[in-house]
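**Q** First the structure, then my questions, so here it is.
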Amino acid sequence: MTITFITGANKGLGRETARRLVELGHTVLVGARDAERGAEAAAALGARFVPVDVTDDASVTAAAANVAAHEGSVDVLINNAGIHGPVGDPGSLTGAEALAVFDVNLAGVVRTTNAFLPLLRRSADPLIINVSSGMGSLAYTHDPSRPESKVVAPLYTASKAALTMLTTQYAKAFTDIRVNAADPGYTATDLNGHSGPQTVTEGTDAIVRLATEKPGAGSGRLVERAGEVAWS
C-alpha cells in the first residue's frame with residue numbers, strides 16, 4: 001500500500017488530495033500545523049494525523065520521526081503547505097513579509113524534503129510532489145488571456161517561481177527519487193477567498209495524477225490539469 005504524507009492537509013487542496021488518495025487506497029498521513037483541524041480532517045478522511053509546522057525545524061524533524069516510528073517509510077511526499085502573502089502595490093512590502101512567505105512556500109519545502117529523504121529512500125518508488133503554481137510562470141503572468149496576468153501578488157508569485165526551479169534542481173540531484181511539480185490552477189480555496197473558478201476537486205487533478213503514476217513516469221516535470229507544460 002502506498003504511504004503518502006501531505007503537508008497543509010487539514011483544508012483546501014491538501015485535504016481534498018488526502019480524501020481522493022484515501023479513496024484510491026493510499027495510506028494517507030495528514031500533516032498540519034493546527035492540531036485540532038488536522039485531527040478532525042484525518043478522522044473524517046480515514047487518515048492519520050501527524051503534527052507538523054513546516055517553518056519549524058524541530059517540528060519537521062519530529063514529524064519525520066513520528067512517521068518512522070509508525071509507518072517506517074514514505075512512498076509519496078506532497079509539499080502542499082503554502083501561504084499567499086500581501087496583494088497589490090509591492091512598494092509597501094517589508095523584508096519581514098517576504099521572509100514569512102518564503103519561509104513557508106520555499107524553505108518549508110526544503111526542511112520537509114530533507115527530513116523525509118531517509119523515509120523516501122526506503123520506498124521502492126519514491127516520489128516528491130511540490131505544489132507550485134502558474135502564478136510563478138513568466139509566460140502565464142504575461143498572457144492577458146490568463147487569470148495569472150491579472151493578479152499582483154509579488155511574494156506568492158516569486159516564491160512559486162522559486163519552488164518550480166527548486167523542483168528541477170532536486171530532480172537533477174536526486175536520481176533515485178522522482179521529483180515533480182503540480183500547478184493546481186485557479187481554484188476556489190481560502191488562499192484566494194474562494195474566488196477561483198475551479199472546484200477543489202478540479203484543483204487536485206494534477207496532484208492526484210502525479211501521485212498515482214506508474215514507476216518510471218519521469219522526473220523534473222510541471223503538470224497541470226490539461227497535462228504536462230513547459231517550464232516558463
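Labeling convention for the C-alpha cells: chains A, B, ... as they appear, residues from 1 per chain, ligands from 1 in order of appearance.
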Within 12 Å of A:Ala69, counting only C-alpha atoms, which residues show up once you throw out same-chain ones fewer than 6 positions away? Write them as a CSV table (one decimal) with C-alpha atoms, in the first residue's frame, please.

**A**
chain,number,residue,atom,x,y,z
A,50,VAL,CA,0.8,14.0,12.1
A,62,ALA,CA,9.6,15.3,14.9
A,63,ALA,CA,7.1,14.6,12.1
A,119,LEU,CA,12.0,7.6,4.7

**Q** Excluding A:Val131 and residues on its chain fewer than 4 positions from it, collect all residues at most 12 Å away from it, counting only C-alpha atoms, and give them as a VMD selection string.

**A** chain A and resid 6 to 8 13 to 14 17 77 to 83 105 to 106 109 135 to 136 159 to 164 166 to 167 179 to 185 203 to 208 210 to 211 221 to 224

**Q** Keeping N, CA and C atoms for every residue in the selection just given, could you write it to a file as a compact mmCIF listing (two decimals), in the first residue's frame?

**A**
# COMPACT_ATOMS: atom_id res chain seq x y z
N ILE A 6 1.23 14.38 3.39
CA ILE A 6 0.83 15.64 2.77
C ILE A 6 0.92 16.75 3.80
N THR A 7 1.65 17.81 3.50
CA THR A 7 1.69 18.97 4.40
C THR A 7 0.51 19.89 4.08
N GLY A 8 0.07 20.63 5.10
CA GLY A 8 -1.06 21.55 4.90
C GLY A 8 -2.31 20.82 4.46
N LEU A 13 -6.77 22.36 -0.89
CA LEU A 13 -6.19 21.39 -1.82
C LEU A 13 -5.59 20.20 -1.09
N GLY A 14 -4.95 20.44 0.04
CA GLY A 14 -4.33 19.35 0.77
C GLY A 14 -5.34 18.35 1.27
N THR A 17 -6.85 16.44 -1.69
CA THR A 17 -5.89 15.46 -2.17
C THR A 17 -5.89 14.25 -1.25
N LEU A 77 5.75 12.06 -0.95
CA LEU A 77 5.74 13.28 -0.13
C LEU A 77 5.14 14.39 -0.96
N ILE A 78 4.05 14.98 -0.47
CA ILE A 78 3.39 16.08 -1.18
C ILE A 78 3.60 17.35 -0.37
N ASN A 79 4.46 18.23 -0.87
CA ASN A 79 4.72 19.51 -0.23
C ASN A 79 3.65 20.51 -0.68
N ASN A 80 2.59 20.57 0.10
CA ASN A 80 1.42 21.37 -0.28
C ASN A 80 1.26 22.64 0.55
N ALA A 81 1.79 22.67 1.77
CA ALA A 81 1.58 23.82 2.65
C ALA A 81 2.06 25.11 1.98
N GLY A 82 1.25 26.15 2.06
CA GLY A 82 1.63 27.42 1.45
C GLY A 82 0.78 28.57 1.97
N ILE A 83 1.32 29.77 1.86
CA ILE A 83 0.57 30.98 2.22
C ILE A 83 0.66 31.97 1.06
N ASN A 105 6.64 28.75 1.82
CA ASN A 105 6.49 28.25 0.45
C ASN A 105 7.76 27.65 -0.14
N LEU A 106 8.91 28.05 0.36
CA LEU A 106 10.16 27.51 -0.20
C LEU A 106 11.01 26.83 0.88
N VAL A 109 9.54 23.67 2.18
CA VAL A 109 9.73 22.52 1.30
C VAL A 109 11.12 21.92 1.50
N MET A 135 1.10 30.92 -11.26
CA MET A 135 1.40 32.29 -10.87
C MET A 135 2.90 32.55 -10.85
N GLY A 136 3.70 31.50 -10.86
CA GLY A 136 5.14 31.66 -10.91
C GLY A 136 5.71 31.55 -12.30
N SER A 159 7.72 33.25 -4.85
CA SER A 159 8.01 32.01 -4.12
C SER A 159 7.68 30.78 -4.95
N LYS A 160 6.62 30.86 -5.76
CA LYS A 160 6.26 29.72 -6.59
C LYS A 160 7.20 29.56 -7.78
N ALA A 161 7.70 30.67 -8.32
CA ALA A 161 8.73 30.57 -9.35
C ALA A 161 9.97 29.90 -8.78
N ALA A 162 10.33 30.27 -7.56
CA ALA A 162 11.48 29.66 -6.90
C ALA A 162 11.23 28.18 -6.63
N LEU A 163 10.01 27.82 -6.24
CA LEU A 163 9.70 26.42 -5.96
C LEU A 163 9.78 25.57 -7.22
N THR A 164 9.34 26.13 -8.34
CA THR A 164 9.44 25.41 -9.60
C THR A 164 10.90 25.12 -9.94
N LEU A 166 13.39 25.01 -7.76
CA LEU A 166 13.88 24.07 -6.77
C LEU A 166 13.53 22.64 -7.18
N THR A 167 12.35 22.46 -7.75
CA THR A 167 11.93 21.14 -8.22
C THR A 167 12.88 20.61 -9.28
N VAL A 179 10.92 13.67 -8.76
CA VAL A 179 10.53 14.95 -8.15
C VAL A 179 9.81 15.77 -9.22
N ASN A 180 8.55 16.07 -8.98
CA ASN A 180 7.76 16.81 -9.95
C ASN A 180 6.98 17.93 -9.27
N ALA A 181 6.48 18.86 -10.07
CA ALA A 181 5.68 19.97 -9.56
C ALA A 181 4.28 19.90 -10.17
N ALA A 182 3.31 20.32 -9.40
CA ALA A 182 1.92 20.37 -9.87
C ALA A 182 1.42 21.81 -9.82
N ASP A 183 0.73 22.21 -10.89
CA ASP A 183 0.06 23.51 -10.92
C ASP A 183 -1.44 23.25 -10.80
N PRO A 184 -2.05 23.51 -9.65
CA PRO A 184 -3.48 23.23 -9.48
C PRO A 184 -4.39 24.07 -10.38
N GLY A 185 -3.92 25.27 -10.78
CA GLY A 185 -4.79 26.19 -11.50
C GLY A 185 -5.56 27.07 -10.51
N GLY A 203 -8.99 21.25 -8.82
CA GLY A 203 -7.67 21.77 -8.48
C GLY A 203 -6.68 20.71 -8.04
N THR A 204 -7.17 19.57 -7.64
CA THR A 204 -6.26 18.49 -7.21
C THR A 204 -6.00 17.47 -8.31
N ASP A 205 -6.57 17.66 -9.48
CA ASP A 205 -6.39 16.67 -10.56
C ASP A 205 -4.92 16.42 -10.88
N ALA A 206 -4.14 17.50 -11.01
CA ALA A 206 -2.74 17.34 -11.38
C ALA A 206 -1.96 16.65 -10.26
N ILE A 207 -2.26 16.99 -9.02
CA ILE A 207 -1.56 16.39 -7.89
C ILE A 207 -1.85 14.89 -7.82
N VAL A 208 -3.12 14.54 -7.94
CA VAL A 208 -3.52 13.13 -7.87
C VAL A 208 -2.94 12.35 -9.05
N LEU A 210 -0.11 12.91 -10.60
CA LEU A 210 1.29 12.65 -10.31
C LEU A 210 1.45 11.60 -9.22
N ALA A 211 0.59 11.64 -8.22
CA ALA A 211 0.71 10.72 -7.09
C ALA A 211 0.35 9.29 -7.45
N ARG A 221 9.25 17.43 -13.94
CA ARG A 221 8.15 17.92 -14.78
C ARG A 221 7.22 18.85 -14.01
N LEU A 222 6.53 19.71 -14.76
CA LEU A 222 5.45 20.53 -14.23
C LEU A 222 4.17 20.07 -14.91
N VAL A 223 3.18 19.70 -14.10
CA VAL A 223 1.94 19.14 -14.63
C VAL A 223 0.75 19.95 -14.15
N GLU A 224 -0.17 20.26 -15.06
CA GLU A 224 -1.43 20.90 -14.71
C GLU A 224 -2.58 19.99 -15.13

**Q** Can you list, as a PyMOL selection string, all residues belonging to stretch 93-175 of chain A that DSSP tags as alpha helix (DSSP H)?

**A** chain A and resi 95-102+108-120+138-141+154-173

**Q** Between atom CA of A:Thr201 and atom CA of A:Lys11, what is the distance in Å, rounded to a tenth?

**A**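 Atom CA of A:Thr201 sits 12.2 Å away from atom CA of A:Lys11.
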
**Q** Measure the distance from atom CA of A:Pro215 to atom CA of A:Leu127 in Å and round it to one decimal.

**A**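 Atom-to-atom, atom CA of A:Pro215 and atom CA of A:Leu127 are spaced 9.3 Å apart.
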
**Q** Just want the 6 Å neighbourhood of stretch 71-76 of chain A, counted on only C-alpha atoms, with same-chain residues fewer than 2 positions away dropped. Output as JSON, numbers by chain.

**A** {"A": [2, 3, 4, 67, 68, 69, 119, 120, 122, 123, 126, 127, 128]}

**Q** Write a file of the selected residues as an mmCIF file, in the first residue's frame, keeping C-alpha atoms.

**A**
data_model
loop_
_atom_site.group_PDB
_atom_site.id
_atom_site.type_symbol
_atom_site.label_atom_id
_atom_site.label_comp_id
_atom_site.auth_asym_id
_atom_site.auth_seq_id
_atom_site.Cartn_x
_atom_site.Cartn_y
_atom_site.Cartn_z
ATOM 1 C CA THR A 2 1.308 3.461 -0.933
ATOM 2 C CA ILE A 3 2.134 5.644 2.076
ATOM 3 C CA THR A 4 1.610 9.336 1.359
ATOM 4 C CA VAL A 67 6.283 8.542 10.621
ATOM 5 C CA ALA A 68 9.456 6.473 11.011
ATOM 6 C CA ALA A 69 8.083 5.023 14.251
ATOM 7 C CA LEU A 119 11.992 7.622 4.720
ATOM 8 C CA LEU A 120 11.538 8.136 0.984
ATOM 9 C CA ARG A 122 13.152 3.140 1.984
ATOM 10 C CA SER A 123 10.477 3.096 -0.741
ATOM 11 C CA PRO A 126 9.838 7.280 -4.009
ATOM 12 C CA LEU A 127 8.108 10.407 -5.265
ATOM 13 C CA ILE A 128 8.092 14.065 -4.226
#

**Q** Hey, which of A:Ala230, A:Arg15, A:Arg178, A:Leu24 ends up closest to A:Ala124? Count only C-alpha atoms.

**A**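 Using only C-alpha atoms, A:Ala124 sits closest to A:Arg178.
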
**Q** Apply DSSP to the backbone of this structure and, from stretch 61-123 of chain A, keep only the residues in strand (DSSP E or B); write these as a PyMOL selection string.

**A** chain A and resi 76-79

**Q** With N, CA, C and O atoms retained, could you export that selection as a compact mmCIF listing (two decimals), in the first residue's frame?

**A**
# COMPACT_ATOMS: atom_id res chain seq x y z
N VAL A 76 5.27 8.65 -1.05
CA VAL A 76 4.95 9.91 -1.72
C VAL A 76 4.96 11.04 -0.68
O VAL A 76 4.25 10.96 0.33
N LEU A 77 5.75 12.06 -0.95
CA LEU A 77 5.74 13.28 -0.13
C LEU A 77 5.14 14.39 -0.96
O LEU A 77 5.65 14.70 -2.04
N ILE A 78 4.05 14.98 -0.47
CA ILE A 78 3.39 16.08 -1.18
C ILE A 78 3.60 17.35 -0.37
O ILE A 78 3.01 17.53 0.70
N ASN A 79 4.46 18.23 -0.87
CA ASN A 79 4.72 19.51 -0.23
C ASN A 79 3.65 20.51 -0.68
O ASN A 79 3.79 21.18 -1.70

**Q** Report as a list in words all protein, DNA and RNA residues lying within 12 Å of A:Thr141, evaluated on only C-alpha atoms, omitting residues in the same chain fewer than 4 positions from it.

**A**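 So the residues in contact are Ser133, Gly134, Met135, Gly136, Ser137, Ser145, Arg146, Pro147, Glu148, Ser149, Lys150, Val151, Val152, Ala153, Pro154, Thr157, Ala158, Ala161 and Ser232 of chain A.
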
**Q** Pull N, CA and C atoms from the residues just selected and write them as a short mmCIF file (atom, residue, chain, number, x, y, z; two decimals), in the first residue's frame.

**A**
data_model
loop_
_atom_site.label_atom_id
_atom_site.label_comp_id
_atom_site.auth_asym_id
_atom_site.auth_seq_id
_atom_site.Cartn_x
_atom_site.Cartn_y
_atom_site.Cartn_z
N SER A 133 2.62 26.69 -8.84
CA SER A 133 1.52 27.49 -9.37
C SER A 133 1.90 28.13 -10.68
N GLY A 134 0.92 28.26 -11.57
CA GLY A 134 1.13 29.03 -12.79
C GLY A 134 1.39 30.49 -12.50
N MET A 135 1.10 30.92 -11.26
CA MET A 135 1.40 32.29 -10.87
C MET A 135 2.90 32.55 -10.85
N GLY A 136 3.70 31.50 -10.86
CA GLY A 136 5.14 31.66 -10.91
C GLY A 136 5.71 31.55 -12.30
N SER A 137 4.85 31.54 -13.32
CA SER A 137 5.28 31.39 -14.71
C SER A 137 5.40 32.75 -15.39
N SER A 145 -4.76 36.71 -21.65
CA SER A 145 -5.92 35.83 -21.69
C SER A 145 -6.01 34.94 -20.45
N ARG A 146 -4.96 34.94 -19.63
CA ARG A 146 -4.93 34.05 -18.47
C ARG A 146 -5.16 34.83 -17.18
N PRO A 147 -5.81 34.20 -16.19
CA PRO A 147 -6.08 34.91 -14.92
C PRO A 147 -4.81 35.26 -14.16
N GLU A 148 -3.72 34.50 -14.39
CA GLU A 148 -2.46 34.79 -13.69
C GLU A 148 -1.93 36.18 -14.02
N SER A 149 -2.30 36.72 -15.18
CA SER A 149 -1.79 38.04 -15.60
C SER A 149 -2.53 39.19 -14.94
N LYS A 150 -3.61 38.89 -14.25
CA LYS A 150 -4.46 39.95 -13.69
C LYS A 150 -4.28 40.14 -12.19
N VAL A 151 -3.35 39.43 -11.61
CA VAL A 151 -3.15 39.50 -10.16
C VAL A 151 -1.76 40.02 -9.85
N VAL A 152 -1.66 40.93 -8.89
CA VAL A 152 -0.36 41.38 -8.40
C VAL A 152 -0.18 40.82 -6.99
N ALA A 153 0.59 39.76 -6.90
CA ALA A 153 0.88 39.10 -5.61
C ALA A 153 2.36 38.80 -5.60
N PRO A 154 3.18 39.84 -5.35
CA PRO A 154 4.62 39.73 -5.59
C PRO A 154 5.32 38.59 -4.87
N THR A 157 3.92 34.89 -6.01
CA THR A 157 4.38 34.52 -7.35
C THR A 157 5.88 34.24 -7.36
N ALA A 158 6.65 35.07 -6.67
CA ALA A 158 8.09 34.87 -6.62
C ALA A 158 8.44 33.56 -5.92
N ALA A 161 7.70 30.67 -8.32
CA ALA A 161 8.73 30.57 -9.35
C ALA A 161 9.97 29.90 -8.78
N SER A 232 8.43 27.77 -17.88
CA SER A 232 8.47 29.10 -18.48
C SER A 232 8.29 30.17 -17.41
#

**Q** Pick out the closest residue to A:Glu213 from this set: A:Ile129, A:His142, A:Ala173, A:Thr168. Count only C-alpha atoms.

**A**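 The shortest atom-to-atom distance to A:Glu213 comes from A:Ile129.
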
**Q** With distances taken over only C-alpha atoms, which residue among A:Ala18, A:Ala98, A:Ala139, A:Leu93 lies nearest A:Ala32?

**A**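 Among the listed residues, A:Ala18 lies closest to A:Ala32.
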
**Q** Select, from A:Ile177, A:Arg111, A:Arg225, A:Ala43, the residue with the minimum atom-to-atom distance to A:Ala58, counting only C-alpha atoms.

**A** A:Arg111

**Q** Quick check, in Å to one decimal: how far apart do atom CA of A:Ala35 and atom CA of A:Ser59 lie?

**A**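 Computed distance, atom CA of A:Ala35 to atom CA of A:Ser59, equals 12.4 Å.
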
**Q** Which residue gives the smallest distance to A:Phe5 among A:Leu138, A:Ala115, A:Leu29, A:Val110, with only C-alpha atoms counted?

**A**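 Nearest candidate to A:Phe5 out of A:Leu138, A:Ala115, A:Leu29, A:Val110: A:Leu29.
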
**Q** What's the 10 Å shell around stretch 94-97 of chain A, counting only C-alpha atoms, without same-chain residues fewer than 6 positions away, as a list in words?

**A**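 Surrounding residues, per the criterion: Gly85, Pro86, Asp103 and Leu155 of chain A.
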
**Q** Restrict the selected residues to all heavy atoms and save them as a compact mmCIF listing (two decimals), in the first residue's frame.

**A**
# COMPACT_ATOMS: atom_id res chain seq x y z
N GLY A 85 0.42 35.73 1.24
CA GLY A 85 1.14 36.99 1.44
C GLY A 85 0.39 38.18 0.88
O GLY A 85 -0.72 38.06 0.35
N PRO A 86 0.98 39.37 0.96
CA PRO A 86 0.31 40.60 0.54
C PRO A 86 -0.01 40.63 -0.96
O PRO A 86 0.70 40.06 -1.77
CB PRO A 86 1.33 41.69 0.89
CG PRO A 86 2.23 41.08 1.90
CD PRO A 86 2.30 39.63 1.55
N ASP A 103 9.48 31.51 3.85
CA ASP A 103 9.74 30.54 4.91
C ASP A 103 8.79 29.35 4.80
O ASP A 103 9.17 28.20 5.05
CB ASP A 103 9.59 31.20 6.29
CG ASP A 103 10.24 30.39 7.39
OD1 ASP A 103 11.12 29.55 7.10
OD2 ASP A 103 9.88 30.60 8.57
N LEU A 155 5.01 38.39 -3.62
CA LEU A 155 5.75 37.40 -2.85
C LEU A 155 5.28 35.98 -3.16
O LEU A 155 6.10 35.06 -3.26
CB LEU A 155 5.62 37.69 -1.35
CG LEU A 155 6.15 39.06 -0.93
CD1 LEU A 155 5.96 39.27 0.56
CD2 LEU A 155 7.61 39.23 -1.32

**Q** With distances taken over only C-alpha atoms, which of A:Thr113, A:Thr199, A:Asn66, A:Thr212 is nearest to A:Glu23?

**A** A:Thr212
